[in-house]
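Data from final-v9.txt: compact mmCIF, N, CA and C atoms
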# COMPACT_ATOMS: atom_id res chain seq x y z
N MET A 1 0.84 -1.18 0.00
CA MET A 1 0.00 0.00 0.00
C MET A 1 0.89 1.25 0.00
N VAL A 2 0.59 2.16 -0.89
CA VAL A 2 1.35 3.40 -1.00
C VAL A 2 0.84 4.38 0.04
N LYS A 3 1.77 4.99 0.76
CA LYS A 3 1.43 5.94 1.82
C LYS A 3 1.51 7.36 1.28
N GLU A 4 0.56 8.20 1.68
CA GLU A 4 0.61 9.62 1.34
C GLU A 4 1.22 10.39 2.50
N ILE A 5 2.11 11.31 2.16
CA ILE A 5 2.76 12.16 3.16
C ILE A 5 2.63 13.59 2.68
N LEU A 6 2.37 14.50 3.61
CA LEU A 6 2.33 15.92 3.28
C LEU A 6 3.69 16.52 3.55
N PHE A 7 4.22 17.24 2.59
CA PHE A 7 5.43 18.03 2.79
C PHE A 7 4.95 19.46 2.93
N ALA A 8 5.05 20.02 4.12
CA ALA A 8 4.50 21.34 4.44
C ALA A 8 5.34 22.43 3.77
N THR A 9 5.10 22.62 2.48
CA THR A 9 5.83 23.63 1.72
C THR A 9 5.02 24.06 0.52
N SER A 10 5.30 25.25 0.06
CA SER A 10 4.77 25.73 -1.22
C SER A 10 5.87 25.73 -2.26
N ASN A 11 7.07 25.35 -1.85
CA ASN A 11 8.25 25.35 -2.73
C ASN A 11 8.30 24.04 -3.52
N GLN A 12 7.92 24.10 -4.79
CA GLN A 12 7.88 22.89 -5.60
C GLN A 12 9.28 22.33 -5.87
N GLY A 13 10.30 23.16 -5.83
CA GLY A 13 11.67 22.67 -5.97
C GLY A 13 12.05 21.75 -4.82
N LYS A 14 11.69 22.16 -3.60
CA LYS A 14 11.94 21.31 -2.43
C LYS A 14 11.16 20.01 -2.55
N ALA A 15 9.93 20.10 -3.03
CA ALA A 15 9.09 18.90 -3.16
C ALA A 15 9.72 17.92 -4.16
N ARG A 16 10.24 18.43 -5.27
CA ARG A 16 10.91 17.56 -6.25
C ARG A 16 12.12 16.87 -5.63
N GLU A 17 12.89 17.61 -4.84
CA GLU A 17 14.07 17.03 -4.19
C GLU A 17 13.67 15.92 -3.22
N LEU A 18 12.61 16.13 -2.45
CA LEU A 18 12.16 15.11 -1.50
C LEU A 18 11.64 13.88 -2.24
N LYS A 19 10.88 14.10 -3.30
CA LYS A 19 10.37 12.97 -4.09
C LYS A 19 11.53 12.15 -4.65
N GLU A 20 12.56 12.83 -5.14
CA GLU A 20 13.73 12.14 -5.69
C GLU A 20 14.47 11.36 -4.61
N ALA A 21 14.57 11.92 -3.41
CA ALA A 21 15.24 11.22 -2.30
C ALA A 21 14.50 9.94 -1.95
N PHE A 22 13.18 9.99 -1.87
CA PHE A 22 12.41 8.78 -1.59
C PHE A 22 12.55 7.77 -2.73
N LYS A 23 12.54 8.26 -3.95
CA LYS A 23 12.69 7.37 -5.12
C LYS A 23 14.04 6.65 -5.07
N GLN A 24 15.11 7.39 -4.80
CA GLN A 24 16.44 6.79 -4.73
C GLN A 24 16.55 5.79 -3.59
N ALA A 25 15.79 6.01 -2.52
CA ALA A 25 15.79 5.09 -1.39
C ALA A 25 14.83 3.93 -1.61
N ASP A 26 14.19 3.92 -2.77
CA ASP A 26 13.22 2.88 -3.14
C ASP A 26 12.06 2.80 -2.15
N VAL A 27 11.61 3.98 -1.70
CA VAL A 27 10.47 4.09 -0.81
C VAL A 27 9.29 4.59 -1.64
N ASP A 28 8.21 3.83 -1.62
CA ASP A 28 7.04 4.12 -2.44
C ASP A 28 6.05 4.98 -1.66
N VAL A 29 6.10 6.30 -1.86
CA VAL A 29 5.19 7.22 -1.19
C VAL A 29 4.67 8.24 -2.21
N ILE A 30 3.55 8.82 -1.87
CA ILE A 30 3.01 9.93 -2.65
C ILE A 30 3.22 11.18 -1.80
N ILE A 31 3.94 12.14 -2.34
CA ILE A 31 4.22 13.38 -1.63
C ILE A 31 3.22 14.43 -2.06
N LYS A 32 2.47 14.93 -1.11
CA LYS A 32 1.55 16.05 -1.34
C LYS A 32 2.22 17.30 -0.78
N THR A 33 1.81 18.47 -1.28
CA THR A 33 2.32 19.74 -0.75
C THR A 33 1.14 20.64 -0.41
N ASN A 34 1.43 21.82 0.11
CA ASN A 34 0.38 22.78 0.43
C ASN A 34 -0.50 23.06 -0.78
N ALA A 35 0.07 23.02 -1.97
CA ALA A 35 -0.68 23.29 -3.20
C ALA A 35 -1.78 22.26 -3.43
N ASP A 36 -1.65 21.09 -2.84
CA ASP A 36 -2.65 20.03 -3.00
C ASP A 36 -3.80 20.17 -2.00
N LEU A 37 -3.70 21.10 -1.08
CA LEU A 37 -4.72 21.28 -0.04
C LEU A 37 -5.62 22.47 -0.39
N GLU A 38 -6.87 22.38 0.03
CA GLU A 38 -7.79 23.49 -0.18
C GLU A 38 -7.70 24.45 1.00
N ASN A 39 -7.31 25.68 0.72
CA ASN A 39 -7.18 26.73 1.74
C ASN A 39 -6.31 26.32 2.93
N PRO A 40 -5.07 25.90 2.67
CA PRO A 40 -4.21 25.50 3.78
C PRO A 40 -3.82 26.71 4.63
N PRO A 41 -3.52 26.47 5.90
CA PRO A 41 -3.04 27.57 6.74
C PRO A 41 -1.64 28.00 6.29
N HIS A 42 -1.27 29.20 6.66
CA HIS A 42 0.07 29.72 6.37
C HIS A 42 0.73 30.01 7.72
N PRO A 43 1.39 29.00 8.28
CA PRO A 43 1.97 29.15 9.61
C PRO A 43 2.95 30.32 9.69
N ILE A 44 2.91 31.02 10.79
CA ILE A 44 3.84 32.12 11.04
C ILE A 44 5.09 31.53 11.68
N GLU A 45 6.21 31.70 11.00
CA GLU A 45 7.48 31.15 11.48
C GLU A 45 8.05 32.09 12.54
N SER A 46 7.53 31.96 13.75
CA SER A 46 7.90 32.86 14.84
C SER A 46 8.97 32.28 15.76
N GLY A 47 9.48 31.11 15.44
CA GLY A 47 10.49 30.48 16.28
C GLY A 47 11.83 31.18 16.18
N HIS A 48 12.67 30.93 17.18
CA HIS A 48 14.01 31.51 17.19
C HIS A 48 15.07 30.52 16.71
N THR A 49 14.62 29.31 16.36
CA THR A 49 15.54 28.30 15.83
C THR A 49 14.91 27.65 14.60
N PHE A 50 15.74 27.00 13.79
CA PHE A 50 15.23 26.28 12.63
C PHE A 50 14.29 25.17 13.08
N GLU A 51 14.65 24.49 14.15
CA GLU A 51 13.80 23.40 14.66
C GLU A 51 12.43 23.92 15.09
N ALA A 52 12.41 25.05 15.78
CA ALA A 52 11.13 25.61 16.24
C ALA A 52 10.24 25.96 15.05
N ASN A 53 10.80 26.57 14.02
CA ASN A 53 10.00 26.93 12.85
C ASN A 53 9.50 25.71 12.10
N ALA A 54 10.34 24.70 11.96
CA ALA A 54 9.92 23.46 11.29
C ALA A 54 8.79 22.80 12.08
N LYS A 55 8.91 22.84 13.41
CA LYS A 55 7.88 22.24 14.27
C LYS A 55 6.55 22.99 14.13
N ILE A 56 6.60 24.30 14.07
CA ILE A 56 5.38 25.11 13.89
C ILE A 56 4.68 24.69 12.60
N LYS A 57 5.44 24.61 11.51
CA LYS A 57 4.85 24.23 10.22
C LYS A 57 4.32 22.81 10.24
N ALA A 58 5.11 21.88 10.77
CA ALA A 58 4.70 20.47 10.78
C ALA A 58 3.41 20.27 11.57
N HIS A 59 3.33 20.85 12.75
CA HIS A 59 2.15 20.67 13.60
C HIS A 59 0.91 21.32 13.01
N GLU A 60 1.06 22.55 12.52
CA GLU A 60 -0.11 23.25 11.99
C GLU A 60 -0.67 22.56 10.74
N LEU A 61 0.22 22.14 9.84
CA LEU A 61 -0.25 21.49 8.61
C LEU A 61 -0.73 20.06 8.87
N ALA A 62 -0.12 19.37 9.82
CA ALA A 62 -0.59 18.02 10.17
C ALA A 62 -1.98 18.09 10.81
N ASP A 63 -2.18 19.05 11.70
CA ASP A 63 -3.49 19.21 12.32
C ASP A 63 -4.55 19.53 11.27
N PHE A 64 -4.19 20.37 10.30
CA PHE A 64 -5.14 20.76 9.26
C PHE A 64 -5.44 19.62 8.30
N SER A 65 -4.41 18.93 7.85
CA SER A 65 -4.56 17.92 6.79
C SER A 65 -4.90 16.53 7.30
N LYS A 66 -4.61 16.27 8.58
CA LYS A 66 -4.78 14.93 9.16
C LYS A 66 -3.90 13.89 8.45
N MET A 67 -2.76 14.34 7.93
CA MET A 67 -1.82 13.47 7.23
C MET A 67 -0.48 13.48 7.96
N PRO A 68 0.29 12.38 7.85
CA PRO A 68 1.68 12.45 8.32
C PRO A 68 2.37 13.59 7.57
N THR A 69 3.11 14.41 8.29
CA THR A 69 3.64 15.64 7.69
C THR A 69 5.12 15.80 7.94
N ILE A 70 5.82 16.22 6.90
CA ILE A 70 7.23 16.57 6.97
C ILE A 70 7.32 18.07 6.76
N ALA A 71 8.14 18.74 7.57
CA ALA A 71 8.36 20.17 7.40
C ALA A 71 9.83 20.46 7.60
N ASP A 72 10.27 21.56 7.00
CA ASP A 72 11.67 21.94 7.16
C ASP A 72 11.77 23.43 7.40
N ASP A 73 12.92 23.83 7.88
CA ASP A 73 13.29 25.24 7.91
C ASP A 73 14.79 25.27 7.69
N SER A 74 15.22 26.25 6.96
CA SER A 74 16.65 26.31 6.63
C SER A 74 17.07 27.75 6.42
N GLY A 75 18.37 27.95 6.44
CA GLY A 75 18.89 29.29 6.21
C GLY A 75 20.40 29.33 6.26
N LEU A 76 20.90 30.49 5.96
CA LEU A 76 22.33 30.75 5.90
C LEU A 76 22.80 31.29 7.24
N MET A 77 23.91 30.74 7.74
CA MET A 77 24.49 31.19 9.00
C MET A 77 25.92 31.65 8.70
N VAL A 78 26.15 32.96 8.78
CA VAL A 78 27.44 33.55 8.44
C VAL A 78 28.25 33.76 9.72
N ASP A 79 29.43 33.17 9.75
CA ASP A 79 30.27 33.24 10.96
C ASP A 79 30.56 34.67 11.38
N ALA A 80 30.96 35.52 10.44
CA ALA A 80 31.34 36.90 10.76
C ALA A 80 30.16 37.74 11.23
N LEU A 81 28.95 37.24 11.04
CA LEU A 81 27.75 37.95 11.47
C LEU A 81 27.06 37.23 12.63
N ASN A 82 27.86 36.45 13.38
CA ASN A 82 27.34 35.72 14.55
C ASN A 82 26.13 34.85 14.22
N GLY A 83 26.19 34.20 13.06
CA GLY A 83 25.12 33.28 12.67
C GLY A 83 23.96 33.91 11.92
N GLU A 84 24.01 35.21 11.74
CA GLU A 84 22.96 35.87 10.95
C GLU A 84 23.18 35.54 9.47
N PRO A 85 22.17 35.54 8.65
CA PRO A 85 20.79 35.89 8.95
C PRO A 85 19.98 34.77 9.61
N GLY A 86 20.49 33.54 9.63
CA GLY A 86 19.85 32.46 10.37
C GLY A 86 18.40 32.23 9.97
N VAL A 87 17.52 32.15 10.98
CA VAL A 87 16.11 31.85 10.71
C VAL A 87 15.42 32.96 9.93
N ARG A 88 16.06 34.12 9.82
CA ARG A 88 15.48 35.23 9.06
C ARG A 88 16.04 35.30 7.64
N SER A 89 16.70 34.26 7.17
CA SER A 89 17.36 34.29 5.86
C SER A 89 16.44 34.75 4.73
N ALA A 90 15.23 34.24 4.67
CA ALA A 90 14.31 34.60 3.58
C ALA A 90 13.79 36.03 3.72
N ARG A 91 13.84 36.57 4.94
CA ARG A 91 13.30 37.91 5.22
C ARG A 91 14.40 38.86 5.69
N TYR A 92 15.63 38.56 5.39
CA TYR A 92 16.77 39.31 5.93
C TYR A 92 16.70 40.80 5.59
N ALA A 93 16.28 41.13 4.38
CA ALA A 93 16.21 42.53 3.96
C ALA A 93 14.84 43.14 4.22
N GLY A 94 14.00 42.42 4.93
CA GLY A 94 12.69 42.94 5.29
C GLY A 94 11.54 42.41 4.45
N GLU A 95 11.77 42.18 3.18
CA GLU A 95 10.71 41.64 2.32
C GLU A 95 10.86 40.14 2.23
N ALA A 96 9.76 39.45 2.34
CA ALA A 96 9.81 37.98 2.27
C ALA A 96 10.27 37.52 0.89
N HIS A 97 11.24 36.66 0.90
CA HIS A 97 11.71 35.95 -0.30
C HIS A 97 12.16 36.87 -1.43
N ASN A 98 12.90 37.92 -1.11
CA ASN A 98 13.48 38.76 -2.15
C ASN A 98 14.99 38.50 -2.14
N ASP A 99 15.39 37.51 -2.94
CA ASP A 99 16.79 37.07 -2.93
C ASP A 99 17.76 38.19 -3.26
N ALA A 100 17.42 39.03 -4.23
CA ALA A 100 18.33 40.11 -4.64
C ALA A 100 18.59 41.08 -3.48
N LYS A 101 17.53 41.47 -2.78
CA LYS A 101 17.69 42.39 -1.65
C LYS A 101 18.39 41.71 -0.47
N ASN A 102 18.08 40.44 -0.24
CA ASN A 102 18.76 39.71 0.83
C ASN A 102 20.25 39.61 0.55
N ASN A 103 20.61 39.30 -0.69
CA ASN A 103 22.03 39.19 -1.07
C ASN A 103 22.73 40.54 -0.94
N ALA A 104 22.07 41.61 -1.38
CA ALA A 104 22.67 42.94 -1.30
C ALA A 104 22.92 43.33 0.16
N LYS A 105 21.96 43.06 1.02
CA LYS A 105 22.13 43.39 2.45
C LYS A 105 23.27 42.57 3.04
N LEU A 106 23.32 41.29 2.71
CA LEU A 106 24.37 40.42 3.23
C LEU A 106 25.75 40.92 2.82
N LEU A 107 25.90 41.26 1.55
CA LEU A 107 27.19 41.76 1.07
C LEU A 107 27.55 43.10 1.72
N ALA A 108 26.55 43.95 1.95
CA ALA A 108 26.81 45.22 2.63
C ALA A 108 27.27 44.98 4.06
N GLU A 109 26.63 44.03 4.74
CA GLU A 109 27.01 43.71 6.12
C GLU A 109 28.43 43.14 6.19
N LEU A 110 28.84 42.46 5.12
CA LEU A 110 30.17 41.86 5.08
C LEU A 110 31.22 42.79 4.48
N GLY A 111 30.85 44.02 4.20
CA GLY A 111 31.73 44.96 3.53
C GLY A 111 33.12 45.09 4.13
N GLY A 112 33.25 45.11 5.44
CA GLY A 112 34.55 45.27 6.08
C GLY A 112 35.23 43.96 6.44
N VAL A 113 34.62 42.85 6.06
CA VAL A 113 35.17 41.54 6.42
C VAL A 113 36.04 41.03 5.26
N PRO A 114 37.32 40.72 5.54
CA PRO A 114 38.18 40.20 4.47
C PRO A 114 37.60 38.92 3.87
N LYS A 115 37.78 38.74 2.57
CA LYS A 115 37.20 37.59 1.87
C LYS A 115 37.59 36.26 2.51
N GLU A 116 38.82 36.15 3.01
CA GLU A 116 39.26 34.88 3.60
C GLU A 116 38.55 34.58 4.93
N LYS A 117 37.86 35.56 5.49
CA LYS A 117 37.13 35.36 6.75
C LYS A 117 35.62 35.26 6.53
N ARG A 118 35.21 35.20 5.28
CA ARG A 118 33.78 35.11 4.95
C ARG A 118 33.37 33.64 4.89
N MET A 119 33.13 33.08 6.04
CA MET A 119 32.72 31.67 6.16
C MET A 119 31.24 31.61 6.52
N ALA A 120 30.57 30.60 5.98
CA ALA A 120 29.15 30.43 6.27
C ALA A 120 28.79 28.97 6.12
N LYS A 121 27.63 28.63 6.67
CA LYS A 121 27.09 27.29 6.45
C LYS A 121 25.60 27.43 6.17
N PHE A 122 25.08 26.48 5.43
CA PHE A 122 23.65 26.43 5.15
C PHE A 122 23.08 25.34 6.03
N TRP A 123 22.12 25.68 6.86
CA TRP A 123 21.58 24.76 7.84
C TRP A 123 20.15 24.39 7.47
N THR A 124 19.85 23.11 7.53
CA THR A 124 18.48 22.63 7.28
C THR A 124 18.06 21.71 8.41
N THR A 125 16.86 21.93 8.90
CA THR A 125 16.26 21.05 9.89
C THR A 125 14.98 20.49 9.29
N ILE A 126 14.84 19.18 9.33
CA ILE A 126 13.65 18.51 8.79
C ILE A 126 12.99 17.73 9.93
N LEU A 127 11.69 17.92 10.08
CA LEU A 127 10.93 17.23 11.12
C LEU A 127 9.77 16.45 10.51
N VAL A 128 9.42 15.38 11.15
CA VAL A 128 8.27 14.56 10.73
C VAL A 128 7.25 14.58 11.86
Would you kindly transcribe this structure into C-alpha cells?
Amino acid sequence: MVKEILFATSNQGKARELKEAFKQADVDVIIKTNADLENPPHPIESGHTFEANAKIKAHELADFSKMPTIADDSGLMVDALNGEPGVRSARYAGEAHNDAKNNAKLLAELGGVPKEKRMAKFWTTILV
C-alpha cells in the first residue's frame, strides 16, 4: 500500500528534491504539498531556531490535513555575522523571499570583512 505524506511547503523545488530522495531510497510514497490542499493555513514562522520553525509548520499542517507531515526550515548562517541571517534568511532585507535584496544586504554587512574570513554554512532542519 502506498502511503501519502504531506510536505509542508509551497516550494515545488523542495518537493521535487524530496520525491527524488524517496525514489532513490526505493520508498514508495506519494508526496503532497500545500498546493494540494484546499485553503491551507500559512503558519507564522515565529520560532528563534530552525527546529522551532519546522515544528510550527509540521504541527499546523498536520493538524489541518490529518496526514503524516514533513516540514523543514533552513537558512544561511554567516560566521562573521554571529550566525545571521539564520532563521530570518528569507526575510533578511525585510521583504519575504526577495533574494536580490537579501544578497545585497548580506554583502553590505560583510563589507569590512576580508574575503578569507567570509565563512558560512547552510543549515536545514527537517521534522516529521
Find the residues near Ile30 in chain A: any atom within 7 Å, counting only N, CA and C atoms, skip ones fewer than 2 places away on the same chain, and give them as a PyMOL selection string.
chain A and resi 2-6+28+32
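Rounded to one decimal, CA of Thr49 in chain A and atom N of Met67 in chain A lie 24.3 Å from each other.
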Write out as a list in words which residues come within 9 Å of range 11-13 of chain A when counting only C-alpha atoms, dropping same-chain ones fewer than 4 positions away.
Glu17, Leu18, Thr33, Asn34 and Ala35 of chain A
Keeping N, CA and C atoms, export the residues of the selection given above as a PDB file, in the coordinates of the input.
ATOM      1  N   GLU A  17      12.890  17.610  -4.840  1.00  0.00           N
ATOM      2  CA  GLU A  17      14.070  17.030  -4.190  1.00  0.00           C
ATOM      3  C   GLU A  17      13.670  15.920  -3.220  1.00  0.00           C
ATOM      4  N   LEU A  18      12.610  16.130  -2.450  1.00  0.00           N
ATOM      5  CA  LEU A  18      12.160  15.110  -1.500  1.00  0.00           C
ATOM      6  C   LEU A  18      11.640  13.880  -2.240  1.00  0.00           C
ATOM      7  N   THR A  33       1.810  18.470  -1.280  1.00  0.00           N
ATOM      8  CA  THR A  33       2.320  19.740  -0.750  1.00  0.00           C
ATOM      9  C   THR A  33       1.140  20.640  -0.410  1.00  0.00           C
ATOM     10  N   ASN A  34       1.430  21.820   0.110  1.00  0.00           N
ATOM     11  CA  ASN A  34       0.380  22.780   0.430  1.00  0.00           C
ATOM     12  C   ASN A  34      -0.500  23.060  -0.780  1.00  0.00           C
ATOM     13  N   ALA A  35       0.070  23.020  -1.970  1.00  0.00           N
ATOM     14  CA  ALA A  35      -0.680  23.290  -3.200  1.00  0.00           C
ATOM     15  C   ALA A  35      -1.780  22.260  -3.430  1.00  0.00           C
TER      16      ALA A  35
END
Backbone DSSP call of strand (DSSP E or B) for range 38-84 of chain A, listed as a ChimeraX atom specification
/A:69-78
Among range 58-104 of chain A, which residues does DSSP mark as helix (DSSP H, G or I) when it is run on the backbone? Keep the chain and numbering as in the structure and answer as number ranges by chain.
A: 58-65, 79-81, 86-91, 99-104
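Here the question is which of A:Ala15, A:Ala120, A:Val27, A:Ala104 gets nearest to Gly86 in chain A using only C-alpha atoms, and that residue is A:Ala120.
Residue neighbourhood of Leu61 in chain A, excluding near-sequence residues (fewer than 6 positions): Ala8, Pro41, Met67 and Thr69 of chain A, at 7 Å, using only N, CA and C atoms.
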For Thr125 in chain A: contacts at 7 Å, all atoms listed in the file, fewer than 5 positions along chain excluded, given as number ranges by chain:
A: 50-51, 54, 71-75
Enumerate, as a PDB file with N, CA and C atoms, in the frame of the given file, the protein, DNA and RNA residues whose atoms approach (-5.4, 22.4, 5.8) to within 5 Å, taking into account all atoms listed in the file and the coordinate frame of the file.
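Saved result, result25.pdb, follows:
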ATOM      1  N   ASN A  39      -7.310  25.680   0.720  1.00  0.00           N
ATOM      2  CA  ASN A  39      -7.180  26.730   1.740  1.00  0.00           C
ATOM      3  C   ASN A  39      -6.310  26.320   2.930  1.00  0.00           C
ATOM      4  N   PRO A  40      -5.070  25.900   2.670  1.00  0.00           N
ATOM      5  CA  PRO A  40      -4.210  25.500   3.780  1.00  0.00           C
ATOM      6  C   PRO A  40      -3.820  26.710   4.630  1.00  0.00           C
ATOM      7  N   PRO A  41      -3.520  26.470   5.900  1.00  0.00           N
ATOM      8  CA  PRO A  41      -3.040  27.570   6.740  1.00  0.00           C
ATOM      9  C   PRO A  41      -1.640  28.000   6.290  1.00  0.00           C
ATOM     10  N   PHE A  64      -4.190  20.370  10.300  1.00  0.00           N
ATOM     11  CA  PHE A  64      -5.140  20.760   9.260  1.00  0.00           C
ATOM     12  C   PHE A  64      -5.440  19.620   8.300  1.00  0.00           C
ATOM     13  N   SER A  65      -4.410  18.930   7.850  1.00  0.00           N
ATOM     14  CA  SER A  65      -4.560  17.920   6.790  1.00  0.00           C
ATOM     15  C   SER A  65      -4.900  16.530   7.300  1.00  0.00           C
TER      16      SER A  65
END
Work out how far CA of Leu76 in chain A is from atom N of Trp123 in chain A, in Å to one decimal.
5.2 Å
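Nearest to Ala62 in chain A of all the residues A:Met1, A:Gly94, A:Arg118, A:Leu37 is A:Leu37, based on only C-alpha atoms.
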Distance cut-off 8 Å, centre (5.5, 28.4, 16.8) in file coordinates, counting only N, CA and C atoms: which residues qualify? Return them as a CSV table (one decimal) with N, CA and C atoms, in the frame of the given file.
chain,number,residue,atom,x,y,z
A,43,PRO,N,1.4,29.0,8.3
A,43,PRO,CA,2.0,29.2,9.6
A,43,PRO,C,3.0,30.3,9.7
A,44,ILE,N,2.9,31.0,10.8
A,44,ILE,CA,3.8,32.1,11.0
A,44,ILE,C,5.1,31.5,11.7
A,45,GLU,N,6.2,31.7,11.0
A,45,GLU,CA,7.5,31.2,11.5
A,45,GLU,C,8.0,32.1,12.5
A,46,SER,N,7.5,32.0,13.8
A,46,SER,CA,7.9,32.9,14.8
A,46,SER,C,9.0,32.3,15.8
A,47,GLY,N,9.5,31.1,15.4
A,47,GLY,CA,10.5,30.5,16.3
A,47,GLY,C,11.8,31.2,16.2
A,48,HIS,N,12.7,30.9,17.2
A,48,HIS,CA,14.0,31.5,17.2
A,48,HIS,C,15.1,30.5,16.7
A,52,ALA,N,12.4,25.0,15.8
A,52,ALA,CA,11.1,25.6,16.2
A,52,ALA,C,10.2,26.0,15.0
A,53,ASN,N,10.8,26.6,14.0
A,53,ASN,CA,10.0,26.9,12.8
A,53,ASN,C,9.5,25.7,12.1
A,54,ALA,N,10.3,24.7,12.0
A,54,ALA,CA,9.9,23.5,11.3
A,54,ALA,C,8.8,22.8,12.1
A,55,LYS,N,8.9,22.8,13.4
A,55,LYS,CA,7.9,22.2,14.3
A,55,LYS,C,6.6,23.0,14.1
A,56,ILE,N,6.6,24.3,14.1
A,56,ILE,CA,5.4,25.1,13.9
A,56,ILE,C,4.7,24.7,12.6
A,57,LYS,N,5.4,24.6,11.5
A,57,LYS,CA,4.8,24.2,10.2
A,57,LYS,C,4.3,22.8,10.2
Neighbour list for Lys105 in chain A as a list in words, cut-off 7 Å, only N, CA and C atoms, skip fewer than 4 positions in-chain
Tyr92, Ala93, Ala100, Lys101, Glu109 and Leu110 of chain A
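Of note, CA of Phe7 in chain A and CA of Ile31 in chain A are spaced 6.5 Å apart.
Candidate residues A:Ile70, A:Lys14, A:Asp63, A:Val87 were compared for distance to Ile126 in chain A, and the nearest is A:Ile70, using all atoms listed in the file.
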